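Below is structure23.cif, holding mmCIF, C-alpha atoms.
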data_protein
#
loop_
_atom_site.group_PDB
_atom_site.id
_atom_site.type_symbol
_atom_site.label_atom_id
_atom_site.label_comp_id
_atom_site.auth_asym_id
_atom_site.auth_seq_id
_atom_site.Cartn_x
_atom_site.Cartn_y
_atom_site.Cartn_z
ATOM 1 C CA MET A 1 -135.475 -67.924 -115.227
ATOM 2 C CA ILE A 2 -133.902 -64.720 -114.069
ATOM 3 C CA ARG A 3 -134.645 -62.246 -111.283
ATOM 4 C CA LEU A 4 -133.295 -59.046 -109.766
ATOM 5 C CA VAL A 5 -132.668 -59.008 -106.009
ATOM 6 C CA GLY A 6 -131.830 -56.248 -103.529
ATOM 7 C CA GLY A 7 -133.043 -53.223 -105.471
ATOM 8 C CA LYS A 8 -135.310 -50.527 -104.084
ATOM 9 C CA TYR A 9 -137.399 -50.322 -107.251
ATOM 10 C CA ILE A 10 -138.778 -52.721 -109.825
ATOM 11 C CA GLY A 11 -136.210 -53.237 -112.549
ATOM 12 C CA GLU A 12 -133.062 -52.984 -110.469
ATOM 13 C CA GLY A 13 -131.019 -55.371 -108.396
ATOM 14 C CA ARG A 14 -128.450 -58.137 -108.306
ATOM 15 C CA VAL A 15 -128.829 -60.557 -111.221
ATOM 16 C CA GLU A 16 -129.775 -64.078 -110.159
ATOM 17 C CA ILE A 17 -130.404 -66.985 -112.497
ATOM 18 C CA TYR A 18 -132.184 -70.301 -111.878
ATOM 19 C CA HIS A 19 -130.314 -73.405 -112.983
ATOM 20 C CA ALA A 20 -130.553 -77.071 -111.943
ATOM 21 C CA GLY A 21 -133.249 -76.191 -109.412
ATOM 22 C CA ILE A 22 -131.094 -73.613 -107.602
ATOM 23 C CA TRP A 23 -130.917 -69.805 -107.734
ATOM 24 C CA GLY A 24 -127.407 -68.411 -108.122
ATOM 25 C CA THR A 25 -125.612 -65.222 -109.035
ATOM 26 C CA VAL A 26 -123.672 -63.987 -112.073
ATOM 27 C CA CYS A 27 -120.088 -62.671 -111.947
ATOM 28 C CA ASP A 28 -119.369 -59.117 -113.131
ATOM 29 C CA ASP A 29 -116.471 -60.066 -115.439
ATOM 30 C CA LYS A 30 -116.984 -58.524 -118.925
ATOM 31 C CA TRP A 31 -120.141 -56.630 -117.885
ATOM 32 C CA ILE A 32 -118.789 -53.103 -117.703
ATOM 33 C CA GLN A 33 -117.106 -53.006 -121.137
ATOM 34 C CA ASP A 34 -120.537 -52.379 -122.698
ATOM 35 C CA ASN A 35 -124.168 -52.720 -121.654
ATOM 36 C CA ASN A 36 -125.068 -55.644 -123.935
ATOM 37 C CA ASN A 37 -125.327 -58.125 -121.043
ATOM 38 C CA ALA A 38 -127.551 -55.776 -119.042
ATOM 39 C CA ILE A 39 -129.693 -55.117 -122.108
ATOM 40 C CA VAL A 40 -130.343 -58.851 -122.525
ATOM 41 C CA VAL A 41 -131.262 -59.253 -118.837
ATOM 42 C CA CYS A 42 -133.595 -56.263 -118.862
ATOM 43 C CA LYS A 43 -135.285 -57.153 -122.143
ATOM 44 C CA SER A 44 -135.907 -60.687 -120.853
ATOM 45 C CA LEU A 45 -137.704 -59.063 -117.895
ATOM 46 C CA GLY A 46 -139.834 -56.795 -120.099
ATOM 47 C CA PHE A 47 -137.826 -53.565 -120.082
ATOM 48 C CA ALA A 48 -136.499 -51.658 -123.074
ATOM 49 C CA SER A 49 -132.865 -51.399 -121.954
ATOM 50 C CA GLY A 50 -130.475 -51.589 -119.027
ATOM 51 C CA THR A 51 -127.148 -50.651 -117.479
ATOM 52 C CA ALA A 52 -124.727 -52.910 -115.584
ATOM 53 C CA ILE A 53 -124.034 -51.933 -111.961
ATOM 54 C CA LYS A 54 -121.308 -53.556 -109.853
ATOM 55 C CA SER A 55 -122.644 -55.241 -106.708
ATOM 56 C CA GLU A 56 -120.776 -52.918 -104.350
ATOM 57 C CA SER A 57 -123.007 -50.153 -105.720
ATOM 58 C CA GLY A 58 -125.842 -51.144 -103.448
ATOM 59 C CA PHE A 59 -127.472 -54.433 -104.423
ATOM 60 C CA GLY A 60 -125.293 -56.507 -102.137
ATOM 61 C CA GLU A 61 -123.619 -59.862 -102.398
ATOM 62 C CA GLY A 62 -125.509 -63.041 -103.062
ATOM 63 C CA SER A 63 -124.798 -66.412 -101.504
ATOM 64 C CA GLY A 64 -124.559 -69.987 -102.673
ATOM 65 C CA HIS A 65 -123.767 -70.769 -106.290
ATOM 66 C CA ILE A 66 -122.214 -68.381 -108.779
ATOM 67 C CA TRP A 67 -123.676 -69.816 -111.967
ATOM 68 C CA LEU A 68 -122.183 -67.721 -114.762
ATOM 69 C CA ASP A 69 -118.853 -66.000 -115.408
ATOM 70 C CA ASP A 70 -117.321 -64.288 -118.431
ATOM 71 C CA VAL A 71 -120.764 -63.607 -119.899
ATOM 72 C CA ASP A 72 -120.443 -61.915 -123.297
ATOM 73 C CA CYS A 73 -123.720 -60.971 -125.017
ATOM 74 C CA THR A 74 -124.164 -59.190 -128.336
ATOM 75 C CA GLY A 75 -127.404 -57.615 -127.089
ATOM 76 C CA MET A 76 -129.553 -59.600 -129.524
ATOM 77 C CA GLU A 77 -130.009 -62.746 -127.403
ATOM 78 C CA PHE A 78 -133.379 -63.585 -125.830
ATOM 79 C CA CYS A 79 -131.967 -64.625 -122.467
ATOM 80 C CA LEU A 80 -128.670 -64.537 -120.601
ATOM 81 C CA GLU A 81 -127.898 -68.235 -120.966
ATOM 82 C CA ASP A 82 -127.933 -67.806 -124.773
ATOM 83 C CA CYS A 83 -124.873 -65.549 -124.488
ATOM 84 C CA GLN A 84 -121.309 -66.826 -124.543
ATOM 85 C CA HIS A 85 -120.082 -67.715 -121.041
ATOM 86 C CA ALA A 86 -117.501 -69.895 -119.301
ATOM 87 C CA GLY A 87 -120.009 -72.689 -118.610
ATOM 88 C CA TRP A 88 -122.506 -73.340 -115.833
ATOM 89 C CA GLY A 89 -120.716 -73.127 -112.486
ATOM 90 C CA GLN A 90 -117.317 -72.501 -114.120
ATOM 91 C CA THR A 91 -116.064 -69.402 -112.345
ATOM 92 C CA ASN A 92 -113.108 -67.848 -110.549
ATOM 93 C CA CYS A 93 -115.291 -65.213 -108.851
ATOM 94 C CA LYS A 94 -116.373 -64.456 -105.300
ATOM 95 C CA HIS A 95 -119.729 -62.961 -104.316
ATOM 96 C CA TYR A 96 -118.316 -59.446 -104.007
ATOM 97 C CA GLU A 97 -118.187 -59.649 -107.834
ATOM 98 C CA ASP A 98 -121.922 -60.365 -108.275
ATOM 99 C CA ILE A 99 -123.361 -58.135 -110.994
ATOM 100 C CA GLY A 100 -126.450 -55.960 -110.741
ATOM 101 C CA VAL A 101 -128.455 -54.077 -113.339
ATOM 102 C CA MET A 102 -130.687 -51.050 -113.552
ATOM 103 C CA CYS A 103 -133.349 -51.487 -116.221
ATOM 104 C CA SER A 104 -135.018 -48.620 -118.027
ATOM 105 C CA GLY A 105 -137.822 -48.000 -120.450
ATOM 106 C CA LYS A 106 -141.336 -49.300 -120.424
ATOM 107 C CA TYR A 107 -141.983 -52.335 -118.232
ATOM 108 C CA PHE A 108 -144.233 -54.643 -120.248
ATOM 109 C CA ASN A 109 -145.257 -56.822 -117.293
ATOM 110 C CA ILE A 110 -144.031 -59.939 -119.070
ATOM 111 C CA ARG A 111 -141.167 -62.281 -118.449
ATOM 112 C CA TYR A 112 -139.410 -64.430 -120.957
ATOM 113 C CA PHE A 113 -138.492 -67.690 -119.252
ATOM 114 C CA HIS A 114 -136.024 -69.755 -121.223
ATOM 115 C CA TYR A 115 -135.604 -73.430 -120.363
#
Once more with this new file: its structure as structure tokens, please.
Amino acid sequence: MIRLVGGKYIGEGRVEIYHAGIWGTVCDDKWIQDNNNAIVVCKSLGFASGTAIKSESGFGEGSGHIWLDDVDCTGMEFCLEDCQHAGWGQTNCKHYEDIGVMCSGKYFNIRYFHY
């Protein structure tokens, strides 16, 4: 499961992912080189597309676990955990590096939960 936290509007916020019964954040490494990671997040939440936004841009820092680092999506995956990454909980990041997204396009009022 995935959610966006700290945004003012639906479809924007810090990316948080549910793993092993705990919500955690995702590090911003590799997110700004293209928008493929943000596109996967937003599509999994029912939007057409998305743009990566660094956490210091207004969505704030998370707390607790940082679940994913070095996420590298092609844009064709169904959910973020299908993308290449360093491994669950394998990170060298701090919460000031938590990534956020701004989704765009039609919101389909569906969520794709991948287990």
Exercise for the section: Determine the nearest neighbour of A:Ile39 from the options A:Asp82, A:Asp69, A:Glu61, A:Glu77, counting only C-alpha atoms. Expected result: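 Answer, going by the shortest atom-to-atom distance: A:Glu77.
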Practice task
Extract, using all atoms listed in the file, all DNA, RNA and protein residues at most 12 Å from stretch 16-23 of chain A, discarding same-chain residues fewer than 6 positions from it, and format them as a PyMOL selection string.
Solution key: chain A and resi 1-6+41+44+55+59-69+79-81+87-89+95+98-101+113-115
Practice task
Could you tell me which residues the PyMOL selection byres ((chain A and resi 38) around 8) grabs in this file, written as a VMD selection string?
Solution key: chain A and resid 31 35 to 37 39 to 42 49 to 52 101 to 103
Exercise for the section: Grab the atom CA of A:Cys27 to atom CA of A:Asp72 distance for me, in Å with one decimal place. Expected result: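 If I compute the distance from atom CA of A:Cys27 to atom CA of A:Asp72, I get 11.4 Å.
When atom CA of A:Asn92 is paired with atom CA of A:Thr74, their separation reads 22.7 Å.
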Fill in the blank from the handout: Among A:Lys54, A:Lys30, A:Lys8, A:Lys106, A:Val71 is approached most closely, using only C-alpha atoms, by A:Lys30
Exercise for the section: Work out how far apart atom CA of A:Gly46 and atom CA of A:Ala86 are and give it in Å to one decimal. Expected result: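 According to the coordinates, atom CA of A:Gly46 and atom CA of A:Ala86 are separated by 25.9 Å.
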Could you write out as JSON the box around stretch 75-87 of chain A (axis-aligned, all atoms listed in the file, 8 Å on each side), with centre and edge lengths in Å to one decimal?
{"center_x": -125.4, "center_y": -65.2, "center_z": -124.1, "size_x": 31.9, "size_y": 31.1, "size_z": 26.9}
Exercise for the section: Find the residue from A:Asp29, A:Gln90, A:Phe47, A:Cys83 that sits nearest to A:Ile10; use all atoms listed in the file when measuring. Expected result: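 Of A:Asp29, A:Gln90, A:Phe47, A:Cys83, the one nearest A:Ile10 is A:Phe47, counting all atoms listed in the file.
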Handout entry: Nearest to A:Thr25, chosen from A:Lys43, A:Tyr9, A:Glu97, A:Phe78, with all atoms listed in the file counted in the distances
Key =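 The closest residue to A:Thr25 is A:Glu97.
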Return stretch 49-84 of chain A, completed with N, CA and C atoms, as a PDB file, keeping the file's coordinate frame.
ATOM      1  N   SER A  49    -134.319 -51.447-121.974  1.00  0.00           N
ATOM      2  CA  SER A  49    -132.865 -51.399-121.954  1.00  0.00           C
ATOM      3  C   SER A  49    -132.356 -51.543-120.525  1.00  0.00           C
ATOM      4  N   GLY A  50    -131.041 -51.469-120.360  1.00  0.00           N
ATOM      5  CA  GLY A  50    -130.475 -51.589-119.027  1.00  0.00           C
ATOM      6  C   GLY A  50    -129.011 -51.212-118.976  1.00  0.00           C
ATOM      7  N   THR A  51    -128.527 -51.015-117.746  1.00  0.00           N
ATOM      8  CA  THR A  51    -127.148 -50.651-117.479  1.00  0.00           C
ATOM      9  C   THR A  51    -126.601 -51.574-116.400  1.00  0.00           C
ATOM     10  N   ALA A  52    -125.366 -52.052-116.577  1.00  0.00           N
ATOM     11  CA  ALA A  52    -124.727 -52.910-115.584  1.00  0.00           C
ATOM     12  C   ALA A  52    -124.244 -52.074-114.401  1.00  0.00           C
ATOM     13  N   ILE A  53    -124.446 -52.603-113.198  1.00  0.00           N
ATOM     14  CA  ILE A  53    -124.034 -51.933-111.961  1.00  0.00           C
ATOM     15  C   ILE A  53    -123.289 -52.957-111.104  1.00  0.00           C
ATOM     16  N   LYS A  54    -122.066 -52.640-110.710  1.00  0.00           N
ATOM     17  CA  LYS A  54    -121.308 -53.556-109.853  1.00  0.00           C
ATOM     18  C   LYS A  54    -122.019 -53.728-108.512  1.00  0.00           C
ATOM     19  N   SER A  55    -121.891 -54.908-107.926  1.00  0.00           N
ATOM     20  CA  SER A  55    -122.644 -55.241-106.708  1.00  0.00           C
ATOM     21  C   SER A  55    -122.327 -54.309-105.551  1.00  0.00           C
ATOM     22  N   GLU A  56    -121.108 -53.810-105.455  1.00  0.00           N
ATOM     23  CA  GLU A  56    -120.776 -52.918-104.350  1.00  0.00           C
ATOM     24  C   GLU A  56    -121.487 -51.569-104.470  1.00  0.00           C
ATOM     25  N   SER A  57    -122.247 -51.394-105.539  1.00  0.00           N
ATOM     26  CA  SER A  57    -123.007 -50.153-105.720  1.00  0.00           C
ATOM     27  C   SER A  57    -124.354 -50.173-105.027  1.00  0.00           C
ATOM     28  N   GLY A  58    -124.641 -51.195-104.251  1.00  0.00           N
ATOM     29  CA  GLY A  58    -125.842 -51.144-103.448  1.00  0.00           C
ATOM     30  C   GLY A  58    -126.766 -52.332-103.490  1.00  0.00           C
ATOM     31  N   PHE A  59    -126.562 -53.292-104.353  1.00  0.00           N
ATOM     32  CA  PHE A  59    -127.472 -54.433-104.423  1.00  0.00           C
ATOM     33  C   PHE A  59    -126.989 -55.613-103.584  1.00  0.00           C
ATOM     34  N   GLY A  60    -125.806 -55.516-103.061  1.00  0.00           N
ATOM     35  CA  GLY A  60    -125.293 -56.507-102.137  1.00  0.00           C
ATOM     36  C   GLY A  60    -124.778 -57.772-102.792  1.00  0.00           C
ATOM     37  N   GLU A  61    -124.156 -58.584-101.963  1.00  0.00           N
ATOM     38  CA  GLU A  61    -123.619 -59.862-102.398  1.00  0.00           C
ATOM     39  C   GLU A  61    -124.662 -60.949-102.245  1.00  0.00           C
ATOM     40  N   GLY A  62    -124.654 -61.878-103.176  1.00  0.00           N
ATOM     41  CA  GLY A  62    -125.509 -63.041-103.062  1.00  0.00           C
ATOM     42  C   GLY A  62    -124.830 -64.101-102.205  1.00  0.00           C
ATOM     43  N   SER A  63    -125.391 -65.291-102.225  1.00  0.00           N
ATOM     44  CA  SER A  63    -124.798 -66.412-101.504  1.00  0.00           C
ATOM     45  C   SER A  63    -125.051 -67.678-102.313  1.00  0.00           C
ATOM     46  N   GLY A  64    -124.369 -68.728-101.965  1.00  0.00           N
ATOM     47  CA  GLY A  64    -124.559 -69.987-102.673  1.00  0.00           C
ATOM     48  C   GLY A  64    -123.797 -70.013-103.982  1.00  0.00           C
ATOM     49  N   HIS A  65    -124.422 -70.578-105.002  1.00  0.00           N
ATOM     50  CA  HIS A  65    -123.767 -70.769-106.290  1.00  0.00           C
ATOM     51  C   HIS A  65    -123.542 -69.459-107.042  1.00  0.00           C
ATOM     52  N   ILE A  66    -122.434 -69.394-107.752  1.00  0.00           N
ATOM     53  CA  ILE A  66    -122.214 -68.381-108.779  1.00  0.00           C
ATOM     54  C   ILE A  66    -122.311 -69.160-110.083  1.00  0.00           C
ATOM     55  N   TRP A  67    -123.396 -68.974-110.806  1.00  0.00           N
ATOM     56  CA  TRP A  67    -123.676 -69.816-111.967  1.00  0.00           C
ATOM     57  C   TRP A  67    -122.908 -69.430-113.220  1.00  0.00           C
ATOM     58  N   LEU A  68    -122.780 -68.132-113.490  1.00  0.00           N
ATOM     59  CA  LEU A  68    -122.183 -67.721-114.762  1.00  0.00           C
ATOM     60  C   LEU A  68    -121.047 -66.737-114.557  1.00  0.00           C
ATOM     61  N   ASP A  69    -120.017 -66.882-115.399  1.00  0.00           N
ATOM     62  CA  ASP A  69    -118.853 -66.000-115.408  1.00  0.00           C
ATOM     63  C   ASP A  69    -118.480 -65.742-116.870  1.00  0.00           C
ATOM     64  N   ASP A  70    -117.781 -64.659-117.095  1.00  0.00           N
ATOM     65  CA  ASP A  70    -117.321 -64.288-118.431  1.00  0.00           C
ATOM     66  C   ASP A  70    -118.463 -64.250-119.445  1.00  0.00           C
ATOM     67  N   VAL A  71    -119.602 -63.728-119.019  1.00  0.00           N
ATOM     68  CA  VAL A  71    -120.764 -63.607-119.899  1.00  0.00           C
ATOM     69  C   VAL A  71    -120.468 -62.524-120.943  1.00  0.00           C
ATOM     70  N   ASP A  72    -120.743 -62.849-122.205  1.00  0.00           N
ATOM     71  CA  ASP A  72    -120.443 -61.915-123.297  1.00  0.00           C
ATOM     72  C   ASP A  72    -121.590 -61.950-124.312  1.00  0.00           C
ATOM     73  N   CYS A  73    -122.547 -61.050-124.142  1.00  0.00           N
ATOM     74  CA  CYS A  73    -123.720 -60.971-125.017  1.00  0.00           C
ATOM     75  C   CYS A  73    -123.483 -59.966-126.144  1.00  0.00           C
ATOM     76  N   THR A  74    -124.170 -60.172-127.243  1.00  0.00           N
ATOM     77  CA  THR A  74    -124.164 -59.190-128.336  1.00  0.00           C
ATOM     78  C   THR A  74    -125.257 -58.150-128.133  1.00  0.00           C
ATOM     79  N   GLY A  75    -126.246 -58.475-127.296  1.00  0.00           N
ATOM     80  CA  GLY A  75    -127.404 -57.615-127.089  1.00  0.00           C
ATOM     81  C   GLY A  75    -128.628 -58.098-127.845  1.00  0.00           C
ATOM     82  N   MET A  76    -128.453 -59.085-128.705  1.00  0.00           N
ATOM     83  CA  MET A  76    -129.553 -59.600-129.524  1.00  0.00           C
ATOM     84  C   MET A  76    -130.138 -60.908-128.971  1.00  0.00           C
ATOM     85  N   GLU A  77    -129.526 -61.481-127.964  1.00  0.00           N
ATOM     86  CA  GLU A  77    -130.009 -62.746-127.403  1.00  0.00           C
ATOM     87  C   GLU A  77    -131.337 -62.539-126.668  1.00  0.00           C
ATOM     88  N   PHE A  78    -132.093 -63.633-126.535  1.00  0.00           N
ATOM     89  CA  PHE A  78    -133.379 -63.585-125.830  1.00  0.00           C
ATOM     90  C   PHE A  78    -133.220 -63.730-124.328  1.00  0.00           C
ATOM     91  N   CYS A  79    -132.188 -64.426-123.894  1.00  0.00           N
ATOM     92  CA  CYS A  79    -131.967 -64.625-122.467  1.00  0.00           C
ATOM     93  C   CYS A  79    -130.473 -64.782-122.202  1.00  0.00           C
ATOM     94  N   LEU A  80    -130.073 -64.569-120.971  1.00  0.00           N
ATOM     95  CA  LEU A  80    -128.670 -64.537-120.601  1.00  0.00           C
ATOM     96  C   LEU A  80    -127.933 -65.834-120.917  1.00  0.00           C
ATOM     97  N   GLU A  81    -128.582 -66.960-120.721  1.00  0.00           N
ATOM     98  CA  GLU A  81    -127.898 -68.235-120.966  1.00  0.00           C
ATOM     99  C   GLU A  81    -127.629 -68.492-122.446  1.00  0.00           C
ATOM    100  N   ASP A  82    -128.230 -67.707-123.339  1.00  0.00           N
ATOM    101  CA  ASP A  82    -127.933 -67.806-124.773  1.00  0.00           C
ATOM    102  C   ASP A  82    -126.625 -67.099-125.143  1.00  0.00           C
ATOM    103  N   CYS A  83    -126.115 -66.285-124.247  1.00  0.00           N
ATOM    104  CA  CYS A  83    -124.873 -65.549-124.488  1.00  0.00           C
ATOM    105  C   CYS A  83    -123.675 -66.472-124.266  1.00  0.00           C
ATOM    106  N   GLN A  84    -122.532 -66.083-124.828  1.00  0.00           N
ATOM    107  CA  GLN A  84    -121.309 -66.826-124.543  1.00  0.00           C
ATOM    108  C   GLN A  84    -120.992 -66.684-123.061  1.00  0.00           C
TER     109      GLN A  84
END
